[in-house]
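Asks: If you scroll down you'll find the structure; I have some questions about it.
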Amino acid sequence: MKSAKLPVACLLFMSPLIGEYLLGSLPASMIALLPLMMAMYGAGAILIRETVRHTGGGWAAIVLLATAYGLFEEGFVTQSLFNPNYLHLRLLDFGFLPLLGTALPWAIFVVSIHAVWSITVPIALVESAFPARRDLPWLGTLGRVLYALAFLAGCTLIAVFSYKQTPFMATPMQFGVVGALIIGLCVTAFKLPKPKAMPAKAAPHGSVLFLVSFLAGSAFMLAGRRAESEWHMSWPGVVALALGIEAVFAVFVVAKTRDGTWDEPRRFALMAGAFLVYAWIGFLTDISLHGTADLVGHSIIAAILCAALVVIGVRVEKRSVAAKNC
């Protein structure tokens with residue numbers, strides 16, 4: 001497993017760097033929190049990736065487990081799904097449903113961004129950087145146990161921090177519903193048929209995949225940020241728009257992969273489009289949450305991550321050209 005240490009380390013860093021810092025949720029001035037974020041985000045992404053690769057699952061399983069991760073973080077760890085004044089942001093005011101104890105616009109938005117950008121995109125990025133071990137496990141049993149312990153420790157510390165910031169505890173019913181959804185997603189992920197190892201027929205060009213991913217991701221993020229305040233949409237309209245974008249994108253990907261798996265450049269193109277959504281939306285988030293004082297630090301982090309994306313993309317293209325010439 002020595003050769004797998006580097007990809008594991010890269011994923012450990014990439015998940016929180018993309019999920020929190022590139023998005024702008026955490027300012028660059030709080031980079032000291034990165035180890036704590038690695039314990040939750042990074043270890044979570046590693047555990048999901050290792051579980052799927054050990055069981056021979058595909059990307060659908062990763063997305064389902066990533067969605068379960070989003071529910072766990074926001075339902076159990078931070079409880080932002082139910083805390084009406086989480087970090088004093090009033091995230092549940094728009095579309096709050098007393099029966100559910102949450103707001104559907106926020107629930108769909110936050111769980112989706114975790115599923116896509118906190119987990120799936122970092123896994124895809126790192127696997128593109130290390131294609132020789134793409135479909136192979138990176139860790140043995142001991143490694144998985146250690147990262148599971150790190151994940152639990154990170155979640156516990158962040159849960160305590162969140163509670164001290166804005167003391168709140170969800171009801172047993174709310175915890176039960178989220179727990180049932182998580183279990184359902186996990187069971188479904190393991191019951192999915194294993195992907196077929198054959199080339200896809202009439203697969204879209206990489207530029208098409210990049211644009212579809214970038215535009216769909218940008219539309220989803222803008223709907224979450226502006227549909228209420230600037231577009232003056234009702235909360236049912238925002239929910240319908242968000243779910244509609246997700247549904248169209250999912251149907252497109254499933255339809256285009258039904259006859260087989262994509263090659264490396266196409267997988268990279270889809271991931272890169274989603275990655276660059278955070279690269280530009282992160283500046284808006286950073287300014288709205290932390291003001292312009294953090295822009296220099298945020299720009300440095302964004303530039304480093306985008307440079308990493310470019311380097312990996314160039315290597316993917318070179319490998320593709322070399323394979324065609326053989």
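In the structure tokens, each chain is lettered A, B, ... as it comes, each chain's residues begin at 1, and ligands are numbered from 1 in order of appearance.
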Skip Ala32 (chain A) itself and residues of its chain fewer than 5 positions away, then list as a VMD selection string all residues within 12 Å of it, counting only C-alpha atoms.

Replies: chain A and resid 17 21 26 to 27 37 to 38

Asks: Taking the chain letters and numbering used in this document, name the residues of region 78-212 of chain A that DSSP puts in strand (DSSP E), as a list in words.

Replies: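 Answer for region 78-212 of chain A, restricted to strand (DSSP E): Phe96, Leu97, Thr102 and Ala103 of chain A.
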
Asks: Of the candidates A:His232, A:Arg53, A:Lys164, A:His114, which one gets nearest to Ile18 (chain A) if we count only C-alpha atoms?

Replies: A:His114

Asks: Name all residues at most 12 Å from Ser207 (chain A) (count only C-alpha atoms; drop same-chain ones fewer than 3 positions away) and give them as a list in words.

Replies: Ala203, Pro204, Phe210, Leu211, Val212, Ser213, Phe214, Pro265, Arg266, Arg267, Phe268, Ala269, Leu270, Met271, Ala272 and Gly273 of chain A

Asks: Within 8 Å of Glu74 (chain A), counting only C-alpha atoms, which residues qualify if same-chain residues fewer than 6 places away don't, as a list in words?

Replies: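 Contacts, in chain order: Ser80, Leu81, Val110 and Val111 of chain A.
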
Asks: Near Leu23 (chain A), within 10 Å and counting only C-alpha atoms, which residues show up once chain neighbours fewer than 6 positions away are dropped, as a PDB file with N, CA and C atoms, in the first residue's frame?

Replies:
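Saved file selection.pdb follows:
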```pdb
ATOM      1  N   PRO A  16     -11.542  19.120   2.068  1.00  0.00           N
ATOM      2  CA  PRO A  16     -11.878  20.358   2.788  1.00  0.00           C
ATOM      3  C   PRO A  16     -11.448  21.627   2.063  1.00  0.00           C
ATOM      4  N   LEU A  17     -10.340  21.565   1.315  1.00  0.00           N
ATOM      5  CA  LEU A  17      -9.907  22.760   0.587  1.00  0.00           C
ATOM      6  C   LEU A  17     -10.954  23.170  -0.446  1.00  0.00           C
ATOM      7  N   ILE A 113     -24.634  20.307  -2.215  1.00  0.00           N
ATOM      8  CA  ILE A 113     -23.275  20.806  -2.402  1.00  0.00           C
ATOM      9  C   ILE A 113     -22.259  19.892  -1.709  1.00  0.00           C
ATOM     10  N   TRP A 117     -19.632  18.661  -4.300  1.00  0.00           N
ATOM     11  CA  TRP A 117     -18.359  19.369  -4.207  1.00  0.00           C
ATOM     12  C   TRP A 117     -17.501  18.976  -3.002  1.00  0.00           C
ATOM     13  N   SER A 118     -18.104  18.558  -1.916  1.00  0.00           N
ATOM     14  CA  SER A 118     -17.289  18.171  -0.763  1.00  0.00           C
ATOM     15  C   SER A 118     -16.705  16.775  -0.921  1.00  0.00           C
ATOM     16  N   PHE A 275     -15.820  21.656 -10.687  1.00  0.00           N
ATOM     17  CA  PHE A 275     -14.784  22.303  -9.879  1.00  0.00           C
ATOM     18  C   PHE A 275     -14.779  23.814 -10.104  1.00  0.00           C
ATOM     19  N   VAL A 277     -17.079  25.746 -10.975  1.00  0.00           N
ATOM     20  CA  VAL A 277     -18.242  26.438 -10.414  1.00  0.00           C
ATOM     21  C   VAL A 277     -17.863  27.045  -9.062  1.00  0.00           C
ATOM     22  N   TYR A 278     -17.238  26.250  -8.219  1.00  0.00           N
ATOM     23  CA  TYR A 278     -16.795  26.759  -6.920  1.00  0.00           C
ATOM     24  C   TYR A 278     -15.709  27.816  -7.077  1.00  0.00           C
ATOM     25  N   ALA A 279     -14.880  27.674  -8.128  1.00  0.00           N
ATOM     26  CA  ALA A 279     -13.784  28.617  -8.316  1.00  0.00           C
ATOM     27  C   ALA A 279     -14.297  30.038  -8.504  1.00  0.00           C
ATOM     28  N   TRP A 280     -15.471  30.216  -9.149  1.00  0.00           N
ATOM     29  CA  TRP A 280     -15.983  31.573  -9.330  1.00  0.00           C
ATOM     30  C   TRP A 280     -17.035  31.936  -8.291  1.00  0.00           C
ATOM     31  N   ILE A 281     -17.871  30.971  -7.896  1.00  0.00           N
ATOM     32  CA  ILE A 281     -18.912  31.288  -6.920  1.00  0.00           C
ATOM     33  C   ILE A 281     -18.295  31.527  -5.549  1.00  0.00           C
ATOM     34  N   GLY A 282     -17.101  30.965  -5.334  1.00  0.00           N
ATOM     35  CA  GLY A 282     -16.439  31.139  -4.052  1.00  0.00           C
ATOM     36  C   GLY A 282     -16.115  32.589  -3.733  1.00  0.00           C
ATOM     37  N   PHE A 283     -15.826  33.387  -4.752  1.00  0.00           N
ATOM     38  CA  PHE A 283     -15.534  34.801  -4.510  1.00  0.00           C
ATOM     39  C   PHE A 283     -16.786  35.529  -4.019  1.00  0.00           C
ATOM     40  N   LEU A 284     -17.938  35.191  -4.574  1.00  0.00           N
ATOM     41  CA  LEU A 284     -19.184  35.803  -4.104  1.00  0.00           C
ATOM     42  C   LEU A 284     -19.480  35.398  -2.664  1.00  0.00           C
ATOM     43  N   THR A 285     -19.275  34.115  -2.373  1.00  0.00           N
ATOM     44  CA  THR A 285     -19.518  33.634  -1.013  1.00  0.00           C
ATOM     45  C   THR A 285     -18.565  34.276  -0.022  1.00  0.00           C
ATOM     46  N   ASP A 286     -17.305  34.344  -0.397  1.00  0.00           N
ATOM     47  CA  ASP A 286     -16.288  34.904   0.490  1.00  0.00           C
ATOM     48  C   ASP A 286     -16.596  36.359   0.819  1.00  0.00           C
ATOM     49  N   HIS A 298      -8.113  34.423  -0.124  1.00  0.00           N
ATOM     50  CA  HIS A 298      -8.983  33.535  -0.895  1.00  0.00           C
ATOM     51  C   HIS A 298      -8.470  33.381  -2.317  1.00  0.00           C
ATOM     52  N   ALA A 302      -7.572  29.885  -4.204  1.00  0.00           N
ATOM     53  CA  ALA A 302      -8.234  29.554  -5.459  1.00  0.00           C
ATOM     54  C   ALA A 302      -7.223  29.361  -6.577  1.00  0.00           C
TER      55      ALA A 302
END
```

Asks: With only C-alpha atoms as the counted atoms, please give the residues lying no more than 10 Å from Arg144 (chain A), apart from itself and same-chain residues fewer than 5 positions off, as a ChimeraX atom specification.

Replies: /A:43,46-47,50-51,138-139,149-150

Asks: When distances are computed from only C-alpha atoms, which of A:Arg49, A:Pro98, A:Glu264, A:Ala223 shows the smallest separation from Val314 (chain A)?

Replies: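 Among the listed residues, the smallest separation from Val314 (chain A) belongs to A:Glu264.
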
Asks: Of the candidates A:Leu136, A:Met221, A:Ser229, A:Leu209, which shows the shortest atom-to-atom distance to Phe252 (chain A), using only C-alpha atoms?

Replies: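 Looking at the shortest contact to Phe252 (chain A), the residue is A:Leu209.
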